[in-house]
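A.B. asks: Quick one: structure below, then a few questions.
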Amino acid sequence: MDKSKRPFFKSKRSFRRRLPPIGSGDRIDYRNMSLISRFISEQGKILSRRVNKLTLKQQRLITIAIKQARILSLLPFLNNEKQFDRTESTPRTTGPRNRNSN
């Protein structure tokens with residue numbers, strides 16, 4: 001049979017099904033910091049559902065739990081310590097100002 005006239009065959013690759021990130025025994029709660037911290041970026045943002053590979057219901061519950069933890073000060077709203085960390089101060093250099101005061 002010619003390549004151009006060959007019917008479309010699906011490849012028979014075996015694929016390993018990924019385990020869900022939240023197990024059946026894990027309880028989505030604002031106090032479960034080990035679970036919640038997996039779904040937050042380094043900046044403190046909530047990761048999207050595509051990145052997390054969660055169902056819609058799980059993502060909603062995770063979002064609510066993260067927001068409750070932030071309100072109760074268990075999590076910071078922003079995690080930007082690196083932005084304000086300065087290792088050495090740079091001196092300000094301004095040119096000479098010649099103003100005539102009359």
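By convention here, the chains of the structure tokens are called A, B, ... in the order presented, each chain's residues are numbered starting at 1, and ligands are numbered starting at 1 in the order presented.
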Do a neighbour search on region 22-36 of chain A at 10 Å with only C-alpha atoms, toss out local chain neighbours closer than 4 positions, and write the hits as a list in words.
C.D. replies: Ile40, Ile46, Asn52, Lys53, Leu54, Thr55, Gln58, Gln59, Leu61, Ile62, Thr63, Ile64, Ala65, Ile66, Lys67, Gln68, Ala69, Arg70, Leu72, Leu74 and Leu75 of chain A
